[in-house]
Amino acid sequence: MKYTCLLLLVSLALSSVGCSTWGSTTKYVKKSWDSTKDYIDPPPQIDTDSYQFSNPNQEKLARLFTPVDGPLTSLGRFVDDMDTMPDADWMDLLLARFPWAHRVLVTDVEGTIIMMQPETPVKKIESPLVFEGVWRDIQLLTVVDYSDLGPELYIGRPYFKDIEFRGLIGVGFDPRTLLGLSPEPEQLIIIHPGGGVWSRGADVDEAALLALPWESLLHDHVDGQVEAGGRFYTWIVRYIGDSSYIYATESVDPKAGNKSWWFF
């Protein structure tokens with residue numbers, strides 16, 4: 001009995017020492033972690049200033065063209081995803097998702113329209129639509145039909161059965177309608193090099209803008225500032241397939257720096 005009590009006392013004593021040691025160790029670890037956690041696991045921070053523009057011209061253009069370019073890019077992806085002959089449901093879905101599109105058409109291998117929604121569009125096709133490309137490249141192509149009612153931009157791509165080319169899918173819309181998505185449509189223009197200048201009533205010298213050497217400018221740059229008709233314009237180019245379309249707006253401060261801001 002004495003031995004049992006002695007062993008019990010020894011066990012209790014060791015337990016007390018263990019608890020004391022564990023408590024000290026815990027306090028030390030906690031203190032060490034509190035002093036180093038900001039280095040090992042720093043709290044997340046969002047630097048909103050890093051996304052601010054230092055150039056007022058670029059800030060203005062970004063605010064105007066982003067609500068326009070986003071839906072246009074989405075339309076391009078929607079069309080580009082269809083590589084077989086679409087059905088009526090797909091055409092109806094496209095027109096529902098992109099209500100600014102005027103028509104969707106499908107041709108056979110000879111270029112004859114075999115399906116179109118709506119069947120009687122507001123604008124008639126003024127001249128034959130000629131999509132030029134190597135169909136095995138399978139990329140989006142564009143063509144602009146300049147009618148009496150204004151321009152109609154068509155985005156097209158080939159569709160196939162197995163690996164055989166069977167025809168084209170085309171989606172047409174008036175780019176001036178698309179400009180209506182901008183918060184200030186009258187401040188934004190789209191330049192189609194070699195074609196026209198599209199706007200919602202902007203006071204611009206279209207001939208001067210089209211006369212600029214866009215081919216050489218786009219060879220080395222994706223954005224910048226140009227002077228036309230006595231005014232300065234800040235611009236950025238977007239591509240649909242190989243075709244270039246340029247968003248532009250009159251510069252707020254022509255003397256502001258022109259460091260490239262291409263981050264899209």
# chains A, B, ... in the order shown; residues from 1 in each chain; ligands from 1
>>> residues_around(residues="A:Phe165", least_positions_apart="4", cutoff="10 Å", atoms="only C-alpha atoms", output="number ranges by chain")
A: 83-84, 108-109, 135-136, 158-161
>>> write_last_selection(atoms="N, CA and C atoms", output="short mmCIF file (atom, residue, chain, number, x, y, z; two decimals), in the first residue's frame")
data_model
loop_
_atom_site.label_atom_id
_atom_site.label_comp_id
_atom_site.auth_asym_id
_atom_site.auth_seq_id
_atom_site.Cartn_x
_atom_site.Cartn_y
_atom_site.Cartn_z
N ASP A 83 -18.84 25.20 -84.64
CA ASP A 83 -18.12 24.75 -85.83
C ASP A 83 -18.92 23.75 -86.66
N THR A 84 -20.18 23.50 -86.27
CA THR A 84 -21.07 22.67 -87.07
C THR A 84 -22.29 23.51 -87.45
N ASP A 108 -24.88 27.69 -97.50
CA ASP A 108 -24.33 26.38 -97.88
C ASP A 108 -22.94 26.59 -98.45
N VAL A 109 -22.36 25.55 -99.00
CA VAL A 109 -20.99 25.62 -99.49
C VAL A 109 -20.85 26.56 -100.67
N TRP A 135 -10.07 28.47 -95.07
CA TRP A 135 -11.02 27.92 -94.12
C TRP A 135 -10.40 26.94 -93.14
N ARG A 136 -9.29 26.35 -93.50
CA ARG A 136 -8.65 25.43 -92.56
C ARG A 136 -8.02 26.18 -91.39
N PRO A 158 -16.49 29.62 -90.75
CA PRO A 158 -16.95 28.43 -91.47
C PRO A 158 -17.51 27.39 -90.51
N TYR A 159 -18.37 26.54 -91.04
CA TYR A 159 -18.79 25.38 -90.26
C TYR A 159 -18.54 24.13 -91.10
N PHE A 160 -18.46 22.99 -90.42
CA PHE A 160 -18.01 21.76 -91.07
C PHE A 160 -18.92 20.59 -90.72
N LYS A 161 -18.86 19.57 -91.56
CA LYS A 161 -19.41 18.27 -91.23
C LYS A 161 -18.26 17.30 -91.31
#
>>> residues_around(residues="A:Gly201", least_positions_apart="4", cutoff="10 Å", atoms="only C-alpha atoms", output="list in words")
Arg176, Pro185, Glu186, Gln187, Leu188 and Ile189 of chain A
>>> write_last_selection(atoms="C-alpha atoms", output="PDB file, in the first residue's frame")
ATOM      1  CA  ARG A 176     -23.597  52.437 -84.259  1.00  0.00           C
ATOM      2  CA  PRO A 185     -22.068  57.280 -77.022  1.00  0.00           C
ATOM      3  CA  GLU A 186     -21.540  60.635 -78.706  1.00  0.00           C
ATOM      4  CA  GLN A 187     -17.976  60.775 -77.329  1.00  0.00           C
ATOM      5  CA  LEU A 188     -16.843  57.418 -78.750  1.00  0.00           C
ATOM      6  CA  ILE A 189     -16.063  56.547 -82.362  1.00  0.00           C
TER       7      ILE A 189
END
>>> select_by_dssp(residues="stretch 65-255 of chain A", states="alpha helix (DSSP H)", output="ChimeraX atom specification")
/A:65-80,88-97,175-179,206-210,214-220
>>> write_last_selection(atoms="C-alpha atoms", output="PDB file, in the first residue's frame")
ATOM      1  CA  PHE A  65     -15.177  51.706 -74.868  1.00  0.00           C
ATOM      2  CA  THR A  66     -15.114  48.915 -72.254  1.00  0.00           C
ATOM      3  CA  PRO A  67     -18.949  48.537 -72.084  1.00  0.00           C
ATOM      4  CA  VAL A  68     -18.939  48.256 -75.893  1.00  0.00           C
ATOM      5  CA  ASP A  69     -15.972  45.967 -76.386  1.00  0.00           C
ATOM      6  CA  GLY A  70     -17.022  43.448 -73.733  1.00  0.00           C
ATOM      7  CA  PRO A  71     -20.279  42.398 -75.455  1.00  0.00           C
ATOM      8  CA  LEU A  72     -18.585  42.431 -78.873  1.00  0.00           C
ATOM      9  CA  THR A  73     -15.868  40.095 -77.597  1.00  0.00           C
ATOM     10  CA  SER A  74     -18.531  37.814 -76.082  1.00  0.00           C
ATOM     11  CA  LEU A  75     -20.354  37.659 -79.415  1.00  0.00           C
ATOM     12  CA  GLY A  76     -17.137  36.709 -81.177  1.00  0.00           C
ATOM     13  CA  ARG A  77     -16.552  33.858 -78.733  1.00  0.00           C
ATOM     14  CA  PHE A  78     -20.148  32.678 -79.033  1.00  0.00           C
ATOM     15  CA  VAL A  79     -19.890  32.470 -82.825  1.00  0.00           C
ATOM     16  CA  ASP A  80     -16.390  31.023 -82.764  1.00  0.00           C
ATOM     17  CA  ALA A  88     -32.878  27.495 -85.027  1.00  0.00           C
ATOM     18  CA  ASP A  89     -32.529  27.243 -81.240  1.00  0.00           C
ATOM     19  CA  TRP A  90     -28.892  28.368 -81.401  1.00  0.00           C
ATOM     20  CA  MET A  91     -29.835  31.304 -83.629  1.00  0.00           C
ATOM     21  CA  ASP A  92     -32.667  32.328 -81.294  1.00  0.00           C
ATOM     22  CA  LEU A  93     -30.337  32.101 -78.290  1.00  0.00           C
ATOM     23  CA  LEU A  94     -27.771  34.320 -80.002  1.00  0.00           C
ATOM     24  CA  LEU A  95     -30.348  37.011 -80.763  1.00  0.00           C
ATOM     25  CA  ALA A  96     -31.634  36.819 -77.178  1.00  0.00           C
ATOM     26  CA  ARG A  97     -28.160  37.160 -75.652  1.00  0.00           C
ATOM     27  CA  PRO A 175     -21.858  49.149 -85.063  1.00  0.00           C
ATOM     28  CA  ARG A 176     -23.597  52.437 -84.259  1.00  0.00           C
ATOM     29  CA  THR A 177     -26.190  50.456 -82.300  1.00  0.00           C
ATOM     30  CA  LEU A 178     -23.388  48.808 -80.357  1.00  0.00           C
ATOM     31  CA  LEU A 179     -21.982  52.250 -79.497  1.00  0.00           C
ATOM     32  CA  GLU A 206     -13.948  61.495 -90.978  1.00  0.00           C
ATOM     33  CA  ALA A 207     -11.787  62.082 -94.045  1.00  0.00           C
ATOM     34  CA  ALA A 208      -8.850  63.223 -91.903  1.00  0.00           C
ATOM     35  CA  LEU A 209      -9.155  60.208 -89.596  1.00  0.00           C
ATOM     36  CA  LEU A 210      -9.299  57.759 -92.507  1.00  0.00           C
ATOM     37  CA  TRP A 214      -3.165  53.256 -89.936  1.00  0.00           C
ATOM     38  CA  GLU A 215      -1.346  50.355 -91.556  1.00  0.00           C
ATOM     39  CA  SER A 216       2.051  51.610 -90.415  1.00  0.00           C
ATOM     40  CA  LEU A 217       0.703  52.766 -87.038  1.00  0.00           C
ATOM     41  CA  LEU A 218      -0.796  49.357 -86.280  1.00  0.00           C
ATOM     42  CA  HIS A 219       2.387  47.621 -87.362  1.00  0.00           C
ATOM     43  CA  ASP A 220       4.193  48.925 -84.275  1.00  0.00           C
TER      44      ASP A 220
END
>>> atom_distance(atom1="atom CA of A:Ile169", atom2="atom CA of A:Glu152")
15.4 Å
>>> atom_distance(atom1="atom CA of A:Pro121", atom2="atom CA of A:Leu149")
12.4 Å
>>> closest_residue(among="A:Asp253, A:Glu184, A:Asn55, A:Val104", to="A:Arg157", atoms="only C-alpha atoms")
A:Val104
>>> residues_around(residues="stretch 243-247 of chain A", least_positions_apart="2", cutoff="7 Å", atoms="only C-alpha atoms", output="PyMOL selection string")
chain A and resi 65+142+189-192+235-241
>>> write_last_selection(atoms="N, CA and C atoms", output="compact mmCIF listing (two decimals), in the first residue's frame")
# COMPACT_ATOMS: atom_id res chain seq x y z
N PHE A 65 -15.14 52.84 -73.94
CA PHE A 65 -15.18 51.71 -74.87
C PHE A 65 -15.35 50.35 -74.20
N THR A 142 -14.38 39.11 -90.80
CA THR A 142 -15.39 40.15 -90.82
C THR A 142 -15.48 40.78 -92.21
N ILE A 189 -15.97 56.89 -80.95
CA ILE A 189 -16.06 56.55 -82.36
C ILE A 189 -15.32 55.24 -82.61
N ILE A 190 -15.71 54.57 -83.70
CA ILE A 190 -15.00 53.38 -84.16
C ILE A 190 -14.50 53.66 -85.57
N ILE A 191 -13.22 53.45 -85.78
CA ILE A 191 -12.62 53.68 -87.08
C ILE A 191 -12.37 52.34 -87.76
N HIS A 192 -12.89 52.20 -88.96
CA HIS A 192 -12.65 51.02 -89.78
C HIS A 192 -11.64 51.42 -90.86
N TRP A 235 -6.56 56.53 -78.94
CA TRP A 235 -7.14 55.36 -79.59
C TRP A 235 -6.55 54.06 -79.05
N ILE A 236 -7.28 52.99 -79.31
CA ILE A 236 -6.82 51.64 -79.01
C ILE A 236 -7.42 50.71 -80.05
N VAL A 237 -6.66 49.74 -80.51
CA VAL A 237 -7.13 48.84 -81.56
C VAL A 237 -7.59 47.52 -80.96
N ARG A 238 -8.63 46.96 -81.55
CA ARG A 238 -9.10 45.62 -81.21
C ARG A 238 -9.21 44.83 -82.51
N TYR A 239 -8.93 43.54 -82.42
CA TYR A 239 -8.95 42.70 -83.61
C TYR A 239 -10.06 41.66 -83.51
N ILE A 240 -10.74 41.47 -84.64
CA ILE A 240 -11.66 40.35 -84.80
C ILE A 240 -11.07 39.51 -85.92
N GLY A 241 -10.49 38.38 -85.56
CA GLY A 241 -9.69 37.65 -86.54
C GLY A 241 -8.49 38.50 -86.90
>>> closest_residue(among="A:Thr234, A:Thr249, A:Thr107, A:Gln225", to="A:Ser182", atoms="only C-alpha atoms")
A:Thr249
>>> select_by_dssp(residues="stretch 75-236 of chain A", states="strand (DSSP E)", output="JSON, numbers by chain")
{"A": [103, 104, 105, 106, 107, 113, 114, 115, 116, 117, 141, 142, 143, 144, 145, 146, 147, 150, 151, 152, 153, 154, 155, 156, 157, 158, 159, 160, 161, 164, 165, 166, 167, 168, 169, 170, 171, 172, 173, 189, 190, 191, 192, 196, 197, 198, 199, 223, 224, 225, 226, 227, 228, 231, 232, 233, 234, 235, 236]}
>>> atom_distance(atom1="atom CA of A:Pro193", atom2="atom CA of A:Ala101")
22.1 Å
>>> decode(residues="stretch 142-183 of chain A", atoms="N, CA and C atoms", output="PDB file, in the first residue's frame")
ATOM      1  N   THR A 142     -14.377  39.106 -90.802  1.00  0.00           N
ATOM      2  CA  THR A 142     -15.391  40.154 -90.820  1.00  0.00           C
ATOM      3  C   THR A 142     -15.477  40.775 -92.205  1.00  0.00           C
ATOM      4  N   VAL A 143     -16.645  41.323 -92.492  1.00  0.00           N
ATOM      5  CA  VAL A 143     -16.860  42.099 -93.707  1.00  0.00           C
ATOM      6  C   VAL A 143     -17.911  43.151 -93.370  1.00  0.00           C
ATOM      7  N   VAL A 144     -17.770  44.335 -93.956  1.00  0.00           N
ATOM      8  CA  VAL A 144     -18.704  45.429 -93.689  1.00  0.00           C
ATOM      9  C   VAL A 144     -19.501  45.720 -94.949  1.00  0.00           C
ATOM     10  N   ASP A 145     -20.812  45.766 -94.795  1.00  0.00           N
ATOM     11  CA  ASP A 145     -21.712  46.107 -95.894  1.00  0.00           C
ATOM     12  C   ASP A 145     -22.175  47.546 -95.681  1.00  0.00           C
ATOM     13  N   TYR A 146     -21.756  48.448 -96.567  1.00  0.00           N
ATOM     14  CA  TYR A 146     -22.139  49.854 -96.451  1.00  0.00           C
ATOM     15  C   TYR A 146     -23.398  50.088 -97.288  1.00  0.00           C
ATOM     16  N   SER A 147     -24.528  50.200 -96.598  1.00  0.00           N
ATOM     17  CA  SER A 147     -25.809  50.384 -97.274  1.00  0.00           C
ATOM     18  C   SER A 147     -26.306  51.816 -97.088  1.00  0.00           C
ATOM     19  N   ASP A 148     -27.427  52.122 -97.721  1.00  0.00           N
ATOM     20  CA  ASP A 148     -28.015  53.459 -97.585  1.00  0.00           C
ATOM     21  C   ASP A 148     -28.474  53.728 -96.154  1.00  0.00           C
ATOM     22  N   LEU A 149     -28.758  52.676 -95.403  1.00  0.00           N
ATOM     23  CA  LEU A 149     -29.203  52.824 -94.018  1.00  0.00           C
ATOM     24  C   LEU A 149     -28.047  52.813 -93.028  1.00  0.00           C
ATOM     25  N   GLY A 150     -26.824  52.752 -93.550  1.00  0.00           N
ATOM     26  CA  GLY A 150     -25.665  52.764 -92.667  1.00  0.00           C
ATOM     27  C   GLY A 150     -24.888  51.463 -92.728  1.00  0.00           C
ATOM     28  N   PRO A 151     -23.766  51.402 -92.037  1.00  0.00           N
ATOM     29  CA  PRO A 151     -22.908  50.216 -92.092  1.00  0.00           C
ATOM     30  C   PRO A 151     -23.516  49.026 -91.353  1.00  0.00           C
ATOM     31  N   GLU A 152     -23.215  47.848 -91.853  1.00  0.00           N
ATOM     32  CA  GLU A 152     -23.597  46.603 -91.185  1.00  0.00           C
ATOM     33  C   GLU A 152     -22.343  45.738 -91.119  1.00  0.00           C
ATOM     34  N   LEU A 153     -21.894  45.472 -89.907  1.00  0.00           N
ATOM     35  CA  LEU A 153     -20.690  44.675 -89.706  1.00  0.00           C
ATOM     36  C   LEU A 153     -21.086  43.218 -89.511  1.00  0.00           C
ATOM     37  N   TYR A 154     -20.482  42.338 -90.309  1.00  0.00           N
ATOM     38  CA  TYR A 154     -20.767  40.906 -90.219  1.00  0.00           C
ATOM     39  C   TYR A 154     -19.542  40.175 -89.673  1.00  0.00           C
ATOM     40  N   ILE A 155     -19.796  39.353 -88.670  1.00  0.00           N
ATOM     41  CA  ILE A 155     -18.777  38.444 -88.149  1.00  0.00           C
ATOM     42  C   ILE A 155     -19.119  37.055 -88.661  1.00  0.00           C
ATOM     43  N   GLY A 156     -18.171  36.401 -89.305  1.00  0.00           N
ATOM     44  CA  GLY A 156     -18.454  35.094 -89.886  1.00  0.00           C
ATOM     45  C   GLY A 156     -17.390  34.066 -89.570  1.00  0.00           C
ATOM     46  N   ARG A 157     -17.790  32.818 -89.687  1.00  0.00           N
ATOM     47  CA  ARG A 157     -16.848  31.711 -89.540  1.00  0.00           C
ATOM     48  C   ARG A 157     -17.375  30.518 -90.321  1.00  0.00           C
ATOM     49  N   PRO A 158     -16.494  29.623 -90.747  1.00  0.00           N
ATOM     50  CA  PRO A 158     -16.947  28.433 -91.472  1.00  0.00           C
ATOM     51  C   PRO A 158     -17.507  27.386 -90.515  1.00  0.00           C
ATOM     52  N   TYR A 159     -18.370  26.541 -91.038  1.00  0.00           N
ATOM     53  CA  TYR A 159     -18.789  25.376 -90.258  1.00  0.00           C
ATOM     54  C   TYR A 159     -18.542  24.130 -91.102  1.00  0.00           C
ATOM     55  N   PHE A 160     -18.461  22.989 -90.424  1.00  0.00           N
ATOM     56  CA  PHE A 160     -18.014  21.763 -91.075  1.00  0.00           C
ATOM     57  C   PHE A 160     -18.921  20.588 -90.721  1.00  0.00           C
ATOM     58  N   LYS A 161     -18.861  19.572 -91.557  1.00  0.00           N
ATOM     59  CA  LYS A 161     -19.414  18.271 -91.226  1.00  0.00           C
ATOM     60  C   LYS A 161     -18.259  17.300 -91.309  1.00  0.00           C
ATOM     61  N   ASP A 162     -17.944  16.686 -90.183  1.00  0.00           N
ATOM     62  CA  ASP A 162     -16.699  15.935 -90.054  1.00  0.00           C
ATOM     63  C   ASP A 162     -15.555  16.922 -90.305  1.00  0.00           C
ATOM     64  N   ILE A 163     -14.806  16.752 -91.385  1.00  0.00           N
ATOM     65  CA  ILE A 163     -13.728  17.706 -91.667  1.00  0.00           C
ATOM     66  C   ILE A 163     -13.978  18.464 -92.968  1.00  0.00           C
ATOM     67  N   GLU A 164     -15.189  18.337 -93.513  1.00  0.00           N
ATOM     68  CA  GLU A 164     -15.498  18.981 -94.783  1.00  0.00           C
ATOM     69  C   GLU A 164     -16.179  20.325 -94.562  1.00  0.00           C
ATOM     70  N   PHE A 165     -15.706  21.330 -95.289  1.00  0.00           N
ATOM     71  CA  PHE A 165     -16.307  22.656 -95.246  1.00  0.00           C
ATOM     72  C   PHE A 165     -17.706  22.589 -95.846  1.00  0.00           C
ATOM     73  N   ARG A 166     -18.716  23.102 -95.091  1.00  0.00           N
ATOM     74  CA  ARG A 166     -20.096  23.015 -95.548  1.00  0.00           C
ATOM     75  C   ARG A 166     -20.784  24.370 -95.700  1.00  0.00           C
ATOM     76  N   GLY A 167     -20.150  25.447 -95.259  1.00  0.00           N
ATOM     77  CA  GLY A 167     -20.787  26.745 -95.406  1.00  0.00           C
ATOM     78  C   GLY A 167     -20.305  27.737 -94.370  1.00  0.00           C
ATOM     79  N   LEU A 168     -21.045  28.836 -94.254  1.00  0.00           N
ATOM     80  CA  LEU A 168     -20.664  29.925 -93.364  1.00  0.00           C
ATOM     81  C   LEU A 168     -21.782  30.266 -92.387  1.00  0.00           C
ATOM     82  N   ILE A 169     -21.368  30.730 -91.216  1.00  0.00           N
ATOM     83  CA  ILE A 169     -22.275  31.326 -90.235  1.00  0.00           C
ATOM     84  C   ILE A 169     -21.936  32.809 -90.180  1.00  0.00           C
ATOM     85  N   GLY A 170     -22.934  33.670 -90.291  1.00  0.00           N
ATOM     86  CA  GLY A 170     -22.691  35.105 -90.243  1.00  0.00           C
ATOM     87  C   GLY A 170     -23.648  35.804 -89.295  1.00  0.00           C
ATOM     88  N   VAL A 171     -23.128  36.779 -88.565  1.00  0.00           N
ATOM     89  CA  VAL A 171     -23.948  37.582 -87.655  1.00  0.00           C
ATOM     90  C   VAL A 171     -23.736  39.045 -88.015  1.00  0.00           C
ATOM     91  N   GLY A 172     -24.831  39.756 -88.295  1.00  0.00           N
ATOM     92  CA  GLY A 172     -24.725  41.149 -88.696  1.00  0.00           C
ATOM     93  C   GLY A 172     -25.322  42.102 -87.675  1.00  0.00           C
ATOM     94  N   PHE A 173     -24.696  43.260 -87.532  1.00  0.00           N
ATOM     95  CA  PHE A 173     -25.207  44.295 -86.637  1.00  0.00           C
ATOM     96  C   PHE A 173     -24.670  45.644 -87.092  1.00  0.00           C
ATOM     97  N   ASP A 174     -25.392  46.686 -86.740  1.00  0.00           N
ATOM     98  CA  ASP A 174     -24.953  48.047 -87.023  1.00  0.00           C
ATOM     99  C   ASP A 174     -24.038  48.487 -85.881  1.00  0.00           C
ATOM    100  N   PRO A 175     -22.771  48.773 -86.152  1.00  0.00           N
ATOM    101  CA  PRO A 175     -21.858  49.149 -85.063  1.00  0.00           C
ATOM    102  C   PRO A 175     -22.294  50.403 -84.319  1.00  0.00           C
ATOM    103  N   ARG A 176     -23.103  51.239 -84.953  1.00  0.00           N
ATOM    104  CA  ARG A 176     -23.597  52.437 -84.259  1.00  0.00           C
ATOM    105  C   ARG A 176     -24.578  52.055 -83.156  1.00  0.00           C
ATOM    106  N   THR A 177     -25.311  50.958 -83.355  1.00  0.00           N
ATOM    107  CA  THR A 177     -26.190  50.456 -82.300  1.00  0.00           C
ATOM    108  C   THR A 177     -25.365  49.972 -81.116  1.00  0.00           C
ATOM    109  N   LEU A 178     -24.274  49.299 -81.411  1.00  0.00           N
ATOM    110  CA  LEU A 178     -23.388  48.808 -80.357  1.00  0.00           C
ATOM    111  C   LEU A 178     -22.800  49.960 -79.552  1.00  0.00           C
ATOM    112  N   LEU A 179     -22.525  51.085 -80.198  1.00  0.00           N
ATOM    113  CA  LEU A 179     -21.982  52.250 -79.497  1.00  0.00           C
ATOM    114  C   LEU A 179     -22.947  52.768 -78.432  1.00  0.00           C
ATOM    115  N   GLY A 180     -24.230  52.444 -78.585  1.00  0.00           N
ATOM    116  CA  GLY A 180     -25.215  52.869 -77.599  1.00  0.00           C
ATOM    117  C   GLY A 180     -24.990  52.276 -76.223  1.00  0.00           C
ATOM    118  N   LEU A 181     -24.138  51.250 -76.112  1.00  0.00           N
ATOM    119  CA  LEU A 181     -23.832  50.658 -74.813  1.00  0.00           C
ATOM    120  C   LEU A 181     -22.833  51.496 -74.023  1.00  0.00           C
ATOM    121  N   SER A 182     -22.193  52.449 -74.681  1.00  0.00           N
ATOM    122  CA  SER A 182     -21.231  53.321 -74.004  1.00  0.00           C
ATOM    123  C   SER A 182     -21.978  54.319 -73.124  1.00  0.00           C
ATOM    124  N   PRO A 183     -21.400  54.708 -71.982  1.00  0.00           N
ATOM    125  CA  PRO A 183     -22.078  55.683 -71.113  1.00  0.00           C
ATOM    126  C   PRO A 183     -22.249  57.053 -71.774  1.00  0.00           C
TER     127      PRO A 183
END
